[in-house]
Amino acid sequence: MFVAIDQNRPLSDQGPFDIVLHKLTGKEWRQILEDYWEKHPEVTVLDPPGAIQHLNNRQSMLQDVADLNLSDCYGRVGVPKQLVITKDPSSITHAVDRAGLTFPIVAKPLVVDGSAKSHELSLAFDQYSLSMLEPPLVLQEFVNHGGVLFKVYIVGEAIKVVRRFSLPDVDESQVLNNAGVFRFPRVSCAAASADDADLDPAVAELPPRPLLERLAKELRWRLGLRLFNIDIIRKHGIRDQYYVIDINYFPGYGKMPGYEQIFTDFLLSLMKSKYKRRSSNS
């Protein structure tokens with residue numbers, strides 16, 4: 001049974017709950033949840049507010065992937081070369097030079113707050129256009145990836161991968177002949193599904209399952225989250241080189257095939273393991 005939480009009433013006056021499922025941020029809500037959790041340690045909170053906070057900043061979000069430096073016989077997973085700009089657009093050109101980023105460069109808002117604006121991105125083709133960007137930003141080198149990204153949905157230990165159309169590849173002549181900033185709304189959405197498209201097999205091939213399982217397991221542990229998705233691209237022409245370009249907390253699971261069964265099984269498994277622990281402790 002799903003019961004809507006009334007934010008105008010104390011949480012302790014509601015329930016009892018087995019699980020508190022939420023997608024809220026902010027200091028006030030975080031304090032409410034932490035106080036509630038202290039009084040009701042038997043309740044599972046999906047997910048802890050402190051862990052969610054980590055994904056609200058694109059710099060800290062990808063740091064765990066960079067630290068992981070995952071490489072095995074199935075492939076390598078990294079993050080594109082990136083740079084954080086917190087203020088002063090006029091300093092961007094110098095910072096990009098110093099960091100050695102090559103064009104084109106993808107610019108994304110530093111803070112992820114769930115708004116449409118925080119999912120917009122821009123593509124800058126030359127140095128002069130960099131000052132047109134609005135900090136705070138994360139700048140990433142654009143990696144050609146065949147115009148397809150892989151959305152890896154994670155629900156507890158379950159993993160589901162779908163293909164989504166992404167930005168097309170950019171060749172050298174386009175970099176030389178284009179100037180300015182090109183702005184894009186949210187690039188990957190349900191309407192842009194590439195699962196049934198007639199794609200080059202080298203582009204369409206999903207990342208190896210063992211690699212994704214290892215990545216998901218590591219990130220679950222490092223992030224302290226059980227509900228998130230990872231946007232992954234494969235470097236065009238290099239079969240085993242993957243880059244994580246975004247991580248989202250509690251994404252729109254309605255776009256994930258078979259989400260209802262997967263989500264129900266996950267919630268039930270949490271309860272089963274909880275009651276097993278209780279019976280073994282009694």
# chains A, B, ... in the order shown; residues from 1 in each chain; ligands from 1
call {"tool": "closest_atom_pairs", "arguments": {"of": "stretch 14-107 of chain A", "to": "stretch 251-259 of chain A", "cutoff": "12 Å", "atoms": "only C-alpha atoms", "output": "JSON lines"}}
result
{"residue": "A:His22", "atom": "CA", "partner": "A:Pro251", "partner_atom": "CA", "distance": 11.7}
{"residue": "A:Lys23", "atom": "CA", "partner": "A:Pro251", "partner_atom": "CA", "distance": 9.5}
{"residue": "A:Leu55", "atom": "CA", "partner": "A:Pro251", "partner_atom": "CA", "distance": 11.9}
call {"tool": "write_last_selection", "arguments": {"atoms": "all heavy atoms", "output": "mmCIF file, in the first residue's frame"}}
result
data_model
loop_
_atom_site.group_PDB
_atom_site.id
_atom_site.type_symbol
_atom_site.label_atom_id
_atom_site.label_comp_id
_atom_site.auth_asym_id
_atom_site.auth_seq_id
_atom_site.Cartn_x
_atom_site.Cartn_y
_atom_site.Cartn_z
ATOM 1 N N HIS A 22 10.986 8.752 -1.118
ATOM 2 C CA HIS A 22 10.880 10.196 -1.325
ATOM 3 C C HIS A 22 11.862 10.683 -2.382
ATOM 4 O O HIS A 22 12.826 10.001 -2.729
ATOM 5 C CB HIS A 22 11.151 10.938 -0.001
ATOM 6 C CG HIS A 22 12.600 10.957 0.365
ATOM 7 N ND1 HIS A 22 13.372 12.083 0.286
ATOM 8 C CD2 HIS A 22 13.428 9.959 0.765
ATOM 9 C CE1 HIS A 22 14.614 11.784 0.644
ATOM 10 N NE2 HIS A 22 14.676 10.511 0.940
ATOM 11 N N LYS A 23 11.579 11.884 -2.877
ATOM 12 C CA LYS A 23 12.484 12.512 -3.845
ATOM 13 C C LYS A 23 12.603 14.000 -3.508
ATOM 14 O O LYS A 23 12.667 14.837 -4.391
ATOM 15 C CB LYS A 23 11.952 12.308 -5.260
ATOM 16 C CG LYS A 23 13.010 12.561 -6.332
ATOM 17 C CD LYS A 23 12.472 12.356 -7.718
ATOM 18 C CE LYS A 23 13.559 12.687 -8.736
ATOM 19 N NZ LYS A 23 13.142 12.423 -10.114
ATOM 20 N N LEU A 55 24.440 13.800 -5.382
ATOM 21 C CA LEU A 55 24.154 13.808 -6.813
ATOM 22 C C LEU A 55 23.593 15.142 -7.297
ATOM 23 O O LEU A 55 23.303 15.296 -8.482
ATOM 24 C CB LEU A 55 23.164 12.684 -7.176
ATOM 25 C CG LEU A 55 23.656 11.249 -7.026
ATOM 26 C CD1 LEU A 55 22.664 10.284 -7.653
ATOM 27 C CD2 LEU A 55 25.033 11.044 -7.650
#
call {"tool": "closest_atom_pairs", "arguments": {"of": "stretch 150-195 of chain A", "to": "stretch 122-143 of chain A", "cutoff": "6 Å", "atoms": "only C-alpha atoms", "output": "JSON lines"}}
result
{"residue": "A:Val175", "atom": "CA", "partner": "A:Phe125", "partner_atom": "CA", "distance": 5.8}
{"residue": "A:Ala179", "atom": "CA", "partner": "A:Phe125", "partner_atom": "CA", "distance": 5.4}
{"residue": "A:Gly180", "atom": "CA", "partner": "A:Ser129", "partner_atom": "CA", "distance": 4.8}
{"residue": "A:Val181", "atom": "CA", "partner": "A:Ala124", "partner_atom": "CA", "distance": 4.6}
{"residue": "A:Phe182", "atom": "CA", "partner": "A:Leu123", "partner_atom": "CA", "distance": 5.1}
{"residue": "A:Arg183", "atom": "CA", "partner": "A:Ser122", "partner_atom": "CA", "distance": 4.3}
{"residue": "A:Phe184", "atom": "CA", "partner": "A:Ser122", "partner_atom": "CA", "distance": 5.9}
call {"tool": "write_last_selection", "arguments": {"atoms": "C-alpha atoms", "output": "PDB file, in the first residue's frame"}}
result
ATOM      1  CA  VAL A 175      34.687  22.098 -35.295  1.00  0.00           C
ATOM      2  CA  ALA A 179      31.268  28.954 -34.126  1.00  0.00           C
ATOM      3  CA  GLY A 180      29.184  29.927 -31.150  1.00  0.00           C
ATOM      4  CA  VAL A 181      27.151  27.988 -28.618  1.00  0.00           C
ATOM      5  CA  PHE A 182      24.447  25.484 -29.545  1.00  0.00           C
ATOM      6  CA  ARG A 183      21.891  24.933 -26.787  1.00  0.00           C
ATOM      7  CA  PHE A 184      19.926  21.729 -26.333  1.00  0.00           C
TER       8      PHE A 184
END
call {"tool": "residues_around", "arguments": {"residues": "stretch 4-19 of chain A", "least_positions_apart": "2", "cutoff": "6 Å", "atoms": "only C-alpha atoms", "output": "PyMOL selection string"}}
result
chain A and resi 43-45
call {"tool": "write_last_selection", "arguments": {"atoms": "N, CA and C atoms", "output": "mmCIF file, in the first residue's frame"}}
result
data_model
loop_
_atom_site.group_PDB
_atom_site.id
_atom_site.type_symbol
_atom_site.label_atom_id
_atom_site.label_comp_id
_atom_site.auth_asym_id
_atom_site.auth_seq_id
_atom_site.Cartn_x
_atom_site.Cartn_y
_atom_site.Cartn_z
ATOM 1 N N VAL A 43 12.447 1.601 10.140
ATOM 2 C CA VAL A 43 11.892 2.055 8.863
ATOM 3 C C VAL A 43 13.024 2.265 7.845
ATOM 4 N N THR A 44 12.821 1.763 6.632
ATOM 5 C CA THR A 44 13.804 1.963 5.563
ATOM 6 C C THR A 44 13.511 3.280 4.860
ATOM 7 N N VAL A 45 14.513 4.144 4.762
ATOM 8 C CA VAL A 45 14.354 5.410 4.040
ATOM 9 C C VAL A 45 15.053 5.276 2.692
#
call {"tool": "atom_distance", "arguments": {"atom1": "atom CA of A:His236", "atom2": "atom CA of A:Thr102"}}
result
16.6 Å
call {"tool": "select_by_dssp", "arguments": {"residues": "stretch 61-271 of chain A", "states": "helix (DSSP H, G or I)", "output": "number ranges by chain"}}
result
A: 61-68, 89-99, 117-119, 127-130, 172-177, 190-192, 201-204, 209-223, 253-255, 259-271
call {"tool": "select_by_dssp", "arguments": {"residues": "stretch 82-159 of chain A", "states": "strand (DSSP E)", "output": "list in words"}}
result
Gln82, Leu83, Val84, Ile85, Ile105, Val106, Ala107, Lys108, Pro109, Leu121, Ser122, Leu123, Ala124, Leu137, Val138, Leu139, Gln140, Glu141, Val148, Leu149, Phe150, Lys151, Val152, Tyr153, Ile154, Val155, Ala158 and Ile159 of chain A
call {"tool": "closest_residue", "arguments": {"among": "A:Ile230, A:Val170, A:Leu215, A:Val155", "to": "A:Ser269", "atoms": "only C-alpha atoms"}}
result
A:Val155
call {"tool": "closest_atom_pairs", "arguments": {"of": "stretch 49-122 of chain A", "to": "stretch 196-212 of chain A", "cutoff": "10 Å", "atoms": "only C-alpha atoms", "output": "CSV"}}
result
residue,atom,partner,partner_atom,distance
A:Leu70,CA,A:Leu211,CA,8.8
A:Ser71,CA,A:Leu211,CA,8.7
A:Asp72,CA,A:Leu211,CA,7.8
A:Cys73,CA,A:Leu211,CA,8.7
A:Tyr74,CA,A:Leu211,CA,6.0
A:Gly75,CA,A:Leu211,CA,7.0
A:Arg76,CA,A:Leu211,CA,8.5
A:Val77,CA,A:Leu211,CA,8.7
call {"tool": "atom_distance", "arguments": {"atom1": "atom CA of A:Met271", "atom2": "atom CA of A:Lys27"}}
result
28.3 Å
call {"tool": "atom_distance", "arguments": {"atom1": "atom CA of A:Asp169", "atom2": "atom CA of A:Val148"}}
result
9.5 Å
call {"tool": "decode", "arguments": {"residues": "stretch 9-124 of chain A", "atoms": "C-alpha atoms", "output": "PDB file, in the first residue's frame"}}
result
ATOM      1  CA  ARG A   9       1.762  17.100   9.641  1.00  0.00           C
ATOM      2  CA  PRO A  10       4.589  15.664  11.775  1.00  0.00           C
ATOM      3  CA  LEU A  11       5.940  12.480  10.192  1.00  0.00           C
ATOM      4  CA  SER A  12       5.766  10.617  13.511  1.00  0.00           C
ATOM      5  CA  ASP A  13       1.987  11.163  13.592  1.00  0.00           C
ATOM      6  CA  GLN A  14       1.646   9.319  10.292  1.00  0.00           C
ATOM      7  CA  GLY A  15       2.186   5.680   9.411  1.00  0.00           C
ATOM      8  CA  PRO A  16       3.346   3.288  10.686  1.00  0.00           C
ATOM      9  CA  PHE A  17       5.537   2.909   7.607  1.00  0.00           C
ATOM     10  CA  ASP A  18       7.734   0.064   6.424  1.00  0.00           C
ATOM     11  CA  ILE A  19       9.451   2.263   3.847  1.00  0.00           C
ATOM     12  CA  VAL A  20       9.612   6.014   3.307  1.00  0.00           C
ATOM     13  CA  LEU A  21      10.050   6.598  -0.424  1.00  0.00           C
ATOM     14  CA  HIS A  22      10.880  10.196  -1.325  1.00  0.00           C
ATOM     15  CA  LYS A  23      12.484  12.512  -3.845  1.00  0.00           C
ATOM     16  CA  LEU A  24      12.665  15.694  -1.798  1.00  0.00           C
ATOM     17  CA  THR A  25      15.704  17.778  -0.965  1.00  0.00           C
ATOM     18  CA  GLY A  26      16.379  20.742   1.300  1.00  0.00           C
ATOM     19  CA  LYS A  27      17.694  21.160   4.847  1.00  0.00           C
ATOM     20  CA  GLU A  28      14.281  21.201   6.494  1.00  0.00           C
ATOM     21  CA  TRP A  29      13.101  17.915   4.949  1.00  0.00           C
ATOM     22  CA  ARG A  30      16.492  16.318   5.603  1.00  0.00           C
ATOM     23  CA  GLN A  31      16.212  17.222   9.308  1.00  0.00           C
ATOM     24  CA  ILE A  32      12.644  15.854   9.498  1.00  0.00           C
ATOM     25  CA  LEU A  33      13.732  12.548   7.961  1.00  0.00           C
ATOM     26  CA  GLU A  34      16.827  12.209  10.129  1.00  0.00           C
ATOM     27  CA  ASP A  35      14.827  12.910  13.303  1.00  0.00           C
ATOM     28  CA  TYR A  36      12.194  10.373  12.225  1.00  0.00           C
ATOM     29  CA  TRP A  37      14.823   7.762  11.381  1.00  0.00           C
ATOM     30  CA  GLU A  38      16.422   8.198  14.809  1.00  0.00           C
ATOM     31  CA  LYS A  39      13.097   7.415  16.516  1.00  0.00           C
ATOM     32  CA  HIS A  40      12.139   4.685  14.020  1.00  0.00           C
ATOM     33  CA  PRO A  41      15.339   2.861  12.987  1.00  0.00           C
ATOM     34  CA  GLU A  42      13.226  -0.070  11.767  1.00  0.00           C
ATOM     35  CA  VAL A  43      11.892   2.055   8.863  1.00  0.00           C
ATOM     36  CA  THR A  44      13.804   1.963   5.563  1.00  0.00           C
ATOM     37  CA  VAL A  45      14.354   5.410   4.040  1.00  0.00           C
ATOM     38  CA  LEU A  46      14.803   5.360   0.261  1.00  0.00           C
ATOM     39  CA  ASP A  47      17.211   6.964  -0.030  1.00  0.00           C
ATOM     40  CA  PRO A  48      19.133   8.787   2.740  1.00  0.00           C
ATOM     41  CA  PRO A  49      18.985  12.575   2.107  1.00  0.00           C
ATOM     42  CA  GLY A  50      22.746  13.004   2.642  1.00  0.00           C
ATOM     43  CA  ALA A  51      23.476  10.492  -0.126  1.00  0.00           C
ATOM     44  CA  ILE A  52      21.005  12.147  -2.509  1.00  0.00           C
ATOM     45  CA  GLN A  53      22.682  15.512  -1.905  1.00  0.00           C
ATOM     46  CA  HIS A  54      25.872  14.084  -3.403  1.00  0.00           C
ATOM     47  CA  LEU A  55      24.154  13.808  -6.813  1.00  0.00           C
ATOM     48  CA  ASN A  56      22.883  17.390  -6.779  1.00  0.00           C
ATOM     49  CA  ASN A  57      26.321  18.586  -7.819  1.00  0.00           C
ATOM     50  CA  ARG A  58      27.814  17.396 -11.116  1.00  0.00           C
ATOM     51  CA  GLN A  59      31.353  17.736  -9.789  1.00  0.00           C
ATOM     52  CA  SER A  60      30.896  15.396  -6.799  1.00  0.00           C
ATOM     53  CA  MET A  61      28.499  13.199  -8.802  1.00  0.00           C
ATOM     54  CA  LEU A  62      31.151  11.899 -11.202  1.00  0.00           C
ATOM     55  CA  GLN A  63      34.042  11.947  -8.733  1.00  0.00           C
ATOM     56  CA  ASP A  64      33.123   8.464  -7.481  1.00  0.00           C
ATOM     57  CA  VAL A  65      33.332   7.081 -11.020  1.00  0.00           C
ATOM     58  CA  ALA A  66      36.703   8.781 -11.573  1.00  0.00           C
ATOM     59  CA  ASP A  67      38.012   7.410  -8.238  1.00  0.00           C
ATOM     60  CA  LEU A  68      36.746   3.962  -9.148  1.00  0.00           C
ATOM     61  CA  ASN A  69      38.901   3.837 -12.310  1.00  0.00           C
ATOM     62  CA  LEU A  70      37.103   0.637 -13.314  1.00  0.00           C
ATOM     63  CA  SER A  71      38.953  -1.546 -15.784  1.00  0.00           C
ATOM     64  CA  ASP A  72      38.656  -5.289 -16.417  1.00  0.00           C
ATOM     65  CA  CYS A  73      38.534  -7.769 -19.282  1.00  0.00           C
ATOM     66  CA  TYR A  74      35.093  -6.425 -20.291  1.00  0.00           C
ATOM     67  CA  GLY A  75      36.149  -2.805 -20.665  1.00  0.00           C
ATOM     68  CA  ARG A  76      37.163   0.463 -19.028  1.00  0.00           C
ATOM     69  CA  VAL A  77      34.828   2.992 -17.431  1.00  0.00           C
ATOM     70  CA  GLY A  78      35.860   6.585 -16.820  1.00  0.00           C
ATOM     71  CA  VAL A  79      34.522  10.125 -17.035  1.00  0.00           C
ATOM     72  CA  PRO A  80      35.244  12.660 -19.794  1.00  0.00           C
ATOM     73  CA  LYS A  81      37.940  15.219 -19.009  1.00  0.00           C
ATOM     74  CA  GLN A  82      36.095  17.977 -17.165  1.00  0.00           C
ATOM     75  CA  LEU A  83      36.436  21.333 -15.467  1.00  0.00           C
ATOM     76  CA  VAL A  84      34.249  23.238 -12.981  1.00  0.00           C
ATOM     77  CA  ILE A  85      33.615  26.965 -13.441  1.00  0.00           C
ATOM     78  CA  THR A  86      31.892  28.606 -10.480  1.00  0.00           C
ATOM     79  CA  LYS A  87      31.900  32.273 -11.558  1.00  0.00           C
ATOM     80  CA  ASP A  88      33.158  34.909 -13.998  1.00  0.00           C
ATOM     81  CA  PRO A  89      32.497  33.834 -17.628  1.00  0.00           C
ATOM     82  CA  SER A  90      35.536  35.850 -18.786  1.00  0.00           C
ATOM     83  CA  SER A  91      37.842  33.401 -16.959  1.00  0.00           C
ATOM     84  CA  ILE A  92      36.520  30.334 -18.818  1.00  0.00           C
ATOM     85  CA  THR A  93      38.823  30.585 -21.867  1.00  0.00           C
ATOM     86  CA  HIS A  94      41.962  30.725 -19.722  1.00  0.00           C
ATOM     87  CA  ALA A  95      40.740  27.865 -17.487  1.00  0.00           C
ATOM     88  CA  VAL A  96      39.979  25.674 -20.540  1.00  0.00           C
ATOM     89  CA  ASP A  97      43.451  26.358 -21.980  1.00  0.00           C
ATOM     90  CA  ARG A  98      45.101  25.537 -18.667  1.00  0.00           C
ATOM     91  CA  ALA A  99      43.120  22.294 -18.283  1.00  0.00           C
ATOM     92  CA  GLY A 100      43.908  21.256 -21.875  1.00  0.00           C
ATOM     93  CA  LEU A 101      40.281  20.609 -22.883  1.00  0.00           C
ATOM     94  CA  THR A 102      39.726  20.220 -26.634  1.00  0.00           C
ATOM     95  CA  PHE A 103      36.715  21.434 -28.620  1.00  0.00           C
ATOM     96  CA  PRO A 104      33.826  20.904 -28.887  1.00  0.00           C
ATOM     97  CA  ILE A 105      33.036  21.275 -25.189  1.00  0.00           C
ATOM     98  CA  VAL A 106      29.792  20.309 -23.469  1.00  0.00           C
ATOM     99  CA  ALA A 107      28.572  22.739 -20.798  1.00  0.00           C
ATOM    100  CA  LYS A 108      26.103  21.588 -18.129  1.00  0.00           C
ATOM    101  CA  PRO A 109      24.697  23.396 -15.078  1.00  0.00           C
ATOM    102  CA  LEU A 110      26.746  22.510 -11.984  1.00  0.00           C
ATOM    103  CA  VAL A 111      23.687  22.104  -9.744  1.00  0.00           C
ATOM    104  CA  VAL A 112      21.064  19.440 -10.464  1.00  0.00           C
ATOM    105  CA  ASP A 113      17.792  20.478  -8.843  1.00  0.00           C
ATOM    106  CA  GLY A 114      15.232  18.484 -10.845  1.00  0.00           C
ATOM    107  CA  SER A 115      14.247  21.463 -13.005  1.00  0.00           C
ATOM    108  CA  ALA A 116      14.220  21.288 -16.814  1.00  0.00           C
ATOM    109  CA  LYS A 117      16.953  23.949 -16.854  1.00  0.00           C
ATOM    110  CA  SER A 118      19.340  21.780 -14.837  1.00  0.00           C
ATOM    111  CA  HIS A 119      19.136  19.136 -17.601  1.00  0.00           C
ATOM    112  CA  GLU A 120      19.841  21.546 -20.459  1.00  0.00           C
ATOM    113  CA  LEU A 121      23.236  21.428 -22.088  1.00  0.00           C
ATOM    114  CA  SER A 122      25.219  23.551 -24.515  1.00  0.00           C
ATOM    115  CA  LEU A 123      27.897  22.671 -27.038  1.00  0.00           C
ATOM    116  CA  ALA A 124      30.664  25.266 -27.522  1.00  0.00           C
TER     117      ALA A 124
END
